[in-house]
Amino acid sequence: MENSKNSRSRDQIEWFESIVFALTVLVLVFTFVVRVAAVNGISMENTLQPGDRLLLQSVGYTPQRGDVVVTDDLIDYGKPLVKRVIALGGDVVDIDFQTGAVTVNGVTLEEPYIRELTLLDEGQTFPLTVPQGKLFLMGDNRCQSKDSRSPEIGCIDERDILGKAILRIFPLQKIGVIQSWKMN
């Protein structure tokens, strides 16, 4: 009887240790390797919807043109942003607000992901050379997006990027990979 009690106690301790270990690993992974972020607002429609939850790749990520990224809340705007990387440090961005064409380094972008053409001028002066170490970000719903076109937000420091959105994890019926578009 005593042996079976000791055996049961050891089994319970082993289960408890396993659960604590698994939770510790999960916390470390979600703190340092991947993160979860929520979409607030309509600036990324039709690609993303308000309330979508995203899994972000944060460790070892280097921003690339076409990636959907999430900023931290330390930017001058004071709120996290979910936007698409349009240009990197050293790139020259120009926007023709009459035709809606966005060019980077003289090449007009093909943007099948946008909801509408870029017709809204937010006050930034173009052409704009993106400073080294910074990114030019825009929402996919161009007429409903506060982004790098606005002097209030401007170019975002790469260090303020939490990560690249790689997977929509909520709502469950829309679970799937977030498409990056390769730009020139």
# chains A, B, ... in the order shown; residues from 1 in each chain; ligands from 1

$ closest_atom_pairs --of "range 91-165 of chain A" --to "range 43-55 of chain A" --cutoff "12 Å" --atoms "only C-alpha atoms" --output "tab-separated table"
residue	atom	partner	partner_atom	distance
A:Glu111	CA	A:Thr47	CA	11.9
A:Pro112	CA	A:Thr47	CA	10.3
A:Tyr113	CA	A:Thr47	CA	6.7
A:Ile114	CA	A:Asn46	CA	7.4
A:Arg115	CA	A:Asn46	CA	6.0
A:Glu116	CA	A:Asn46	CA	9.8
A:Leu137	CA	A:Met44	CA	11.4
A:Met138	CA	A:Ser43	CA	8.6
A:Gly139	CA	A:Met44	CA	5.1
A:Asp140	CA	A:Met44	CA	4.7
A:Asn141	CA	A:Ser43	CA	4.9
A:Arg142	CA	A:Ser43	CA	7.0
A:Cys143	CA	A:Ser43	CA	8.1
A:Gln144	CA	A:Ser43	CA	5.4
A:Ser145	CA	A:Ser43	CA	4.4
A:Lys146	CA	A:Ser43	CA	7.4
A:Asp147	CA	A:Ser43	CA	8.9
A:Leu162	CA	A:Leu55	CA	10.8
A:Gly163	CA	A:Leu55	CA	9.0
A:Lys164	CA	A:Leu55	CA	8.3
A:Ala165	CA	A:Leu55	CA	5.9

$ write_last_selection --atoms "N, CA, C and O atoms" --output "mmCIF file, in the first residue's frame"
data_model
loop_
_atom_site.group_PDB
_atom_site.id
_atom_site.type_symbol
_atom_site.label_atom_id
_atom_site.label_comp_id
_atom_site.auth_asym_id
_atom_site.auth_seq_id
_atom_site.Cartn_x
_atom_site.Cartn_y
_atom_site.Cartn_z
ATOM 1 N N GLU A 111 0.601 46.101 -57.329
ATOM 2 C CA GLU A 111 0.083 45.895 -55.984
ATOM 3 C C GLU A 111 -1.293 45.227 -56.011
ATOM 4 O O GLU A 111 -2.316 45.863 -55.777
ATOM 5 N N PRO A 112 -1.341 43.924 -56.267
ATOM 6 C CA PRO A 112 -2.633 43.235 -56.338
ATOM 7 C C PRO A 112 -3.337 43.145 -54.979
ATOM 8 O O PRO A 112 -4.521 42.849 -54.928
ATOM 9 N N TYR A 113 -2.636 43.427 -53.910
ATOM 10 C CA TYR A 113 -3.177 43.302 -52.562
ATOM 11 C C TYR A 113 -3.937 44.532 -52.093
ATOM 12 O O TYR A 113 -4.632 44.491 -51.089
ATOM 13 N N ILE A 114 -3.817 45.675 -52.806
ATOM 14 C CA ILE A 114 -4.450 46.900 -52.303
ATOM 15 C C ILE A 114 -5.951 46.888 -52.564
ATOM 16 O O ILE A 114 -6.429 46.285 -53.521
ATOM 17 N N ARG A 115 -6.668 47.562 -51.673
ATOM 18 C CA ARG A 115 -8.119 47.654 -51.814
ATOM 19 C C ARG A 115 -8.499 48.700 -52.858
ATOM 20 O O ARG A 115 -9.475 48.548 -53.576
ATOM 21 N N GLU A 116 -7.725 49.792 -52.898
ATOM 22 C CA GLU A 116 -7.988 50.869 -53.848
ATOM 23 C C GLU A 116 -6.677 51.585 -54.156
ATOM 24 O O GLU A 116 -5.695 51.413 -53.449
ATOM 25 N N LEU A 137 6.192 52.421 -44.710
ATOM 26 C CA LEU A 137 5.089 51.471 -44.556
ATOM 27 C C LEU A 137 3.784 52.078 -45.045
ATOM 28 O O LEU A 137 3.545 53.270 -44.851
ATOM 29 N N MET A 138 2.940 51.236 -45.648
ATOM 30 C CA MET A 138 1.613 51.675 -46.064
ATOM 31 C C MET A 138 0.605 50.574 -45.796
ATOM 32 O O MET A 138 0.925 49.382 -45.876
ATOM 33 N N GLY A 139 -0.640 50.983 -45.503
ATOM 34 C CA GLY A 139 -1.731 50.030 -45.369
ATOM 35 C C GLY A 139 -2.231 49.622 -46.744
ATOM 36 O O GLY A 139 -2.049 50.344 -47.724
ATOM 37 N N ASP A 140 -2.881 48.469 -46.825
ATOM 38 C CA ASP A 140 -3.425 47.992 -48.096
ATOM 39 C C ASP A 140 -4.717 48.717 -48.474
ATOM 40 O O ASP A 140 -5.093 48.752 -49.628
ATOM 41 N N ASN A 141 -5.404 49.273 -47.494
ATOM 42 C CA ASN A 141 -6.626 50.043 -47.713
ATOM 43 C C ASN A 141 -6.207 51.513 -47.725
ATOM 44 O O ASN A 141 -6.380 52.241 -46.756
ATOM 45 N N ARG A 142 -5.623 51.948 -48.823
ATOM 46 C CA ARG A 142 -4.879 53.199 -48.898
ATOM 47 C C ARG A 142 -5.658 54.445 -48.487
ATOM 48 O O ARG A 142 -5.106 55.365 -47.926
ATOM 49 N N CYS A 143 -6.944 54.499 -48.790
ATOM 50 C CA CYS A 143 -7.708 55.702 -48.448
ATOM 51 C C CYS A 143 -8.192 55.688 -46.994
ATOM 52 O O CYS A 143 -8.784 56.661 -46.533
ATOM 53 N N GLN A 144 -7.935 54.609 -46.272
ATOM 54 C CA GLN A 144 -8.337 54.503 -44.869
ATOM 55 C C GLN A 144 -7.141 54.135 -43.991
ATOM 56 O O GLN A 144 -7.307 53.473 -42.971
ATOM 57 N N SER A 145 -5.945 54.533 -44.394
ATOM 58 C CA SER A 145 -4.739 54.133 -43.677
ATOM 59 C C SER A 145 -3.910 55.335 -43.258
ATOM 60 O O SER A 145 -3.562 56.177 -44.086
ATOM 61 N N LYS A 146 -3.580 55.392 -41.995
ATOM 62 C CA LYS A 146 -2.614 56.372 -41.479
ATOM 63 C C LYS A 146 -1.279 55.634 -41.508
ATOM 64 O O LYS A 146 -1.092 54.652 -40.793
ATOM 65 N N ASP A 147 -0.355 56.101 -42.351
ATOM 66 C CA ASP A 147 0.891 55.360 -42.543
ATOM 67 C C ASP A 147 2.035 56.320 -42.839
ATOM 68 O O ASP A 147 1.945 57.506 -42.522
ATOM 69 N N LEU A 162 8.120 44.804 -34.447
ATOM 70 C CA LEU A 162 7.994 43.618 -33.581
ATOM 71 C C LEU A 162 8.235 42.349 -34.373
ATOM 72 O O LEU A 162 8.767 41.382 -33.839
ATOM 73 N N GLY A 163 7.807 42.334 -35.625
ATOM 74 C CA GLY A 163 8.012 41.154 -36.441
ATOM 75 C C GLY A 163 7.159 41.165 -37.695
ATOM 76 O O GLY A 163 6.368 42.074 -37.931
ATOM 77 N N LYS A 164 7.350 40.123 -38.478
ATOM 78 C CA LYS A 164 6.626 39.920 -39.728
ATOM 79 C C LYS A 164 5.419 39.038 -39.443
ATOM 80 O O LYS A 164 5.537 37.999 -38.784
ATOM 81 N N ALA A 165 4.252 39.445 -39.953
ATOM 82 C CA ALA A 165 3.045 38.626 -39.817
ATOM 83 C C ALA A 165 3.186 37.419 -40.735
ATOM 84 O O ALA A 165 3.329 37.575 -41.948
#

$ select_by_dssp --residues "range 4-170 of chain A" --states "helix (DSSP H, G or I)" --output "VMD selection string"
chain A and resid 4 to 33 142 to 144 158 to 160

$ atom_distance --atom1 "CA of Thr103 in chain A" --atom2 "CA of Asn40 in chain A"
27.4 Å

$ closest_residue --among "A:Ile169, A:Val69, A:Glu122, A:Val59" --to "Leu81 in chain A" --atoms "only C-alpha atoms"
A:Val69

$ residues_around --residues "Asp91 in chain A" --least-positions-apart "2" --cutoff "8 Å" --atoms "only C-alpha atoms" --output "JSON list (two decimals) with all heavy atoms, in the first residue's frame"
[["chain", "number", "residue", "atom", "x", "y", "z"],
["A", 87, "ALA", "N", 9.12, 50.29, -48.82],
["A", 87, "ALA", "CA", 10.50, 50.65, -49.18],
["A", 87, "ALA", "C", 11.41, 50.53, -47.96],
["A", 87, "ALA", "O", 10.97, 50.69, -46.82],
["A", 87, "ALA", "CB", 10.54, 52.06, -49.74],
["A", 88, "LEU", "N", 12.67, 50.27, -48.25],
["A", 88, "LEU", "CA", 13.71, 50.10, -47.23],
["A", 88, "LEU", "C", 14.62, 51.34, -47.22],
["A", 88, "LEU", "O", 14.55, 52.17, -48.13],
["A", 88, "LEU", "CB", 14.54, 48.86, -47.54],
["A", 88, "LEU", "CG", 13.78, 47.55, -47.76],
["A", 88, "LEU", "CD1", 14.72, 46.46, -48.25],
["A", 88, "LEU", "CD2", 13.06, 47.13, -46.50],
["A", 89, "GLY", "N", 15.49, 51.40, -46.23],
["A", 89, "GLY", "CA", 16.45, 52.51, -46.14],
["A", 89, "GLY", "C", 17.24, 52.66, -47.43],
["A", 89, "GLY", "O", 17.75, 51.68, -47.98],
["A", 93, "VAL", "N", 10.96, 56.67, -52.74],
["A", 93, "VAL", "CA", 9.53, 56.42, -52.93],
["A", 93, "VAL", "C", 8.90, 57.65, -53.58],
["A", 93, "VAL", "O", 9.18, 58.78, -53.17],
["A", 93, "VAL", "CB", 8.82, 56.17, -51.57],
["A", 93, "VAL", "CG1", 7.33, 55.96, -51.76],
["A", 93, "VAL", "CG2", 9.45, 55.00, -50.84],
["A", 104, "VAL", "N", 9.00, 52.81, -56.48],
["A", 104, "VAL", "CA", 10.16, 52.67, -55.60],
["A", 104, "VAL", "C", 11.37, 52.54, -56.51],
["A", 104, "VAL", "O", 11.42, 51.66, -57.37],
["A", 104, "VAL", "CB", 10.04, 51.44, -54.67],
["A", 104, "VAL", "CG1", 11.30, 51.26, -53.84],
["A", 104, "VAL", "CG2", 8.82, 51.57, -53.76],
["A", 105, "ASN", "N", 12.31, 53.45, -56.33],
["A", 105, "ASN", "CA", 13.53, 53.49, -57.15],
["A", 105, "ASN", "C", 13.20, 53.54, -58.64],
["A", 105, "ASN", "O", 13.85, 52.89, -59.46],
["A", 105, "ASN", "CB", 14.44, 52.30, -56.82],
["A", 105, "ASN", "CG", 14.85, 52.29, -55.37],
["A", 105, "ASN", "OD1", 15.04, 53.34, -54.76],
["A", 105, "ASN", "ND2", 14.98, 51.11, -54.79],
["A", 129, "THR", "N", 13.34, 60.03, -50.03],
["A", 129, "THR", "CA", 14.38, 59.02, -49.84],
["A", 129, "THR", "C", 14.27, 58.52, -48.41],
["A", 129, "THR", "O", 14.33, 59.30, -47.46],
["A", 129, "THR", "CB", 15.78, 59.62, -50.08],
["A", 129, "THR", "OG1", 15.83, 60.10, -51.43],
["A", 129, "THR", "CG2", 16.87, 58.57, -49.87],
["A", 130, "VAL", "N", 14.07, 57.21, -48.28],
["A", 130, "VAL", "CA", 13.91, 56.61, -46.96],
["A", 130, "VAL", "C", 15.28, 56.59, -46.28],
["A", 130, "VAL", "O", 16.24, 56.06, -46.84],
["A", 130, "VAL", "CB", 13.35, 55.17, -47.08],
["A", 130, "VAL", "CG1", 13.19, 54.53, -45.71],
["A", 130, "VAL", "CG2", 12.02, 55.17, -47.84]]

$ select_by_dssp --residues "range 33-180 of chain A" --states "strand (DSSP E)" --output "ChimeraX atom specification"
/A:34-38,53-57,68-71,82-88,92-96,101-104,107-108,128-129,134-138,156-157,161-170,176-177

$ write_last_selection --atoms "C-alpha atoms" --output "compact mmCIF listing (two decimals), in the first residue's frame"
# COMPACT_ATOMS: atom_id res chain seq x y z
CA VAL A 34 7.16 34.43 -32.09
CA ARG A 35 4.58 36.90 -30.89
CA VAL A 36 0.85 37.36 -31.27
CA ALA A 37 -0.62 40.70 -32.38
CA ALA A 38 -4.13 41.94 -33.07
CA ARG A 53 -4.97 37.75 -34.58
CA LEU A 54 -1.57 37.30 -36.19
CA LEU A 55 1.44 35.17 -35.36
CA LEU A 56 4.63 37.18 -35.88
CA GLN A 57 8.14 35.99 -36.66
CA VAL A 68 3.25 42.71 -43.55
CA VAL A 69 4.81 43.89 -40.29
CA VAL A 70 3.71 45.06 -36.86
CA THR A 71 5.37 47.96 -35.05
CA VAL A 82 0.03 46.72 -38.88
CA LYS A 83 1.27 47.77 -42.33
CA ARG A 84 3.07 46.55 -45.44
CA VAL A 85 6.74 47.37 -46.08
CA ILE A 86 6.90 49.41 -49.28
CA ALA A 87 10.50 50.65 -49.18
CA LEU A 88 13.71 50.10 -47.23
CA VAL A 92 13.33 56.48 -53.17
CA VAL A 93 9.53 56.42 -52.93
CA ASP A 94 7.30 58.49 -55.16
CA ILE A 95 3.50 58.54 -55.32
CA ASP A 96 1.43 60.01 -58.13
CA ALA A 101 0.86 54.81 -58.86
CA VAL A 102 3.50 54.07 -56.22
CA THR A 103 7.08 53.86 -57.43
CA VAL A 104 10.16 52.67 -55.60
CA VAL A 107 9.83 51.21 -60.75
CA THR A 108 6.04 51.30 -60.49
CA LEU A 128 11.08 60.76 -50.52
CA THR A 129 14.38 59.02 -49.84
CA LYS A 134 14.10 53.10 -41.53
CA LEU A 135 11.13 51.68 -43.46
CA PHE A 136 8.35 53.25 -45.50
CA LEU A 137 5.09 51.47 -44.56
CA MET A 138 1.61 51.68 -46.06
CA ILE A 156 9.55 53.81 -39.08
CA ASP A 157 12.81 52.75 -37.45
CA ILE A 161 9.32 46.40 -35.84
CA LEU A 162 7.99 43.62 -33.58
CA GLY A 163 8.01 41.15 -36.44
CA LYS A 164 6.63 39.92 -39.73
CA ALA A 165 3.05 38.63 -39.82
CA ILE A 166 3.36 35.03 -40.96
CA LEU A 167 0.05 33.45 -39.96
CA ARG A 168 -3.50 34.52 -39.20
CA ILE A 169 -4.54 32.39 -36.20
CA PHE A 170 -7.95 33.94 -35.52
CA GLY A 176 -3.81 30.82 -42.98
CA VAL A 177 -0.47 32.16 -44.14

$ atom_distance --atom1 "CA of Leu120 in chain A" --atom2 "CA of Trp181 in chain A"
22.2 Å
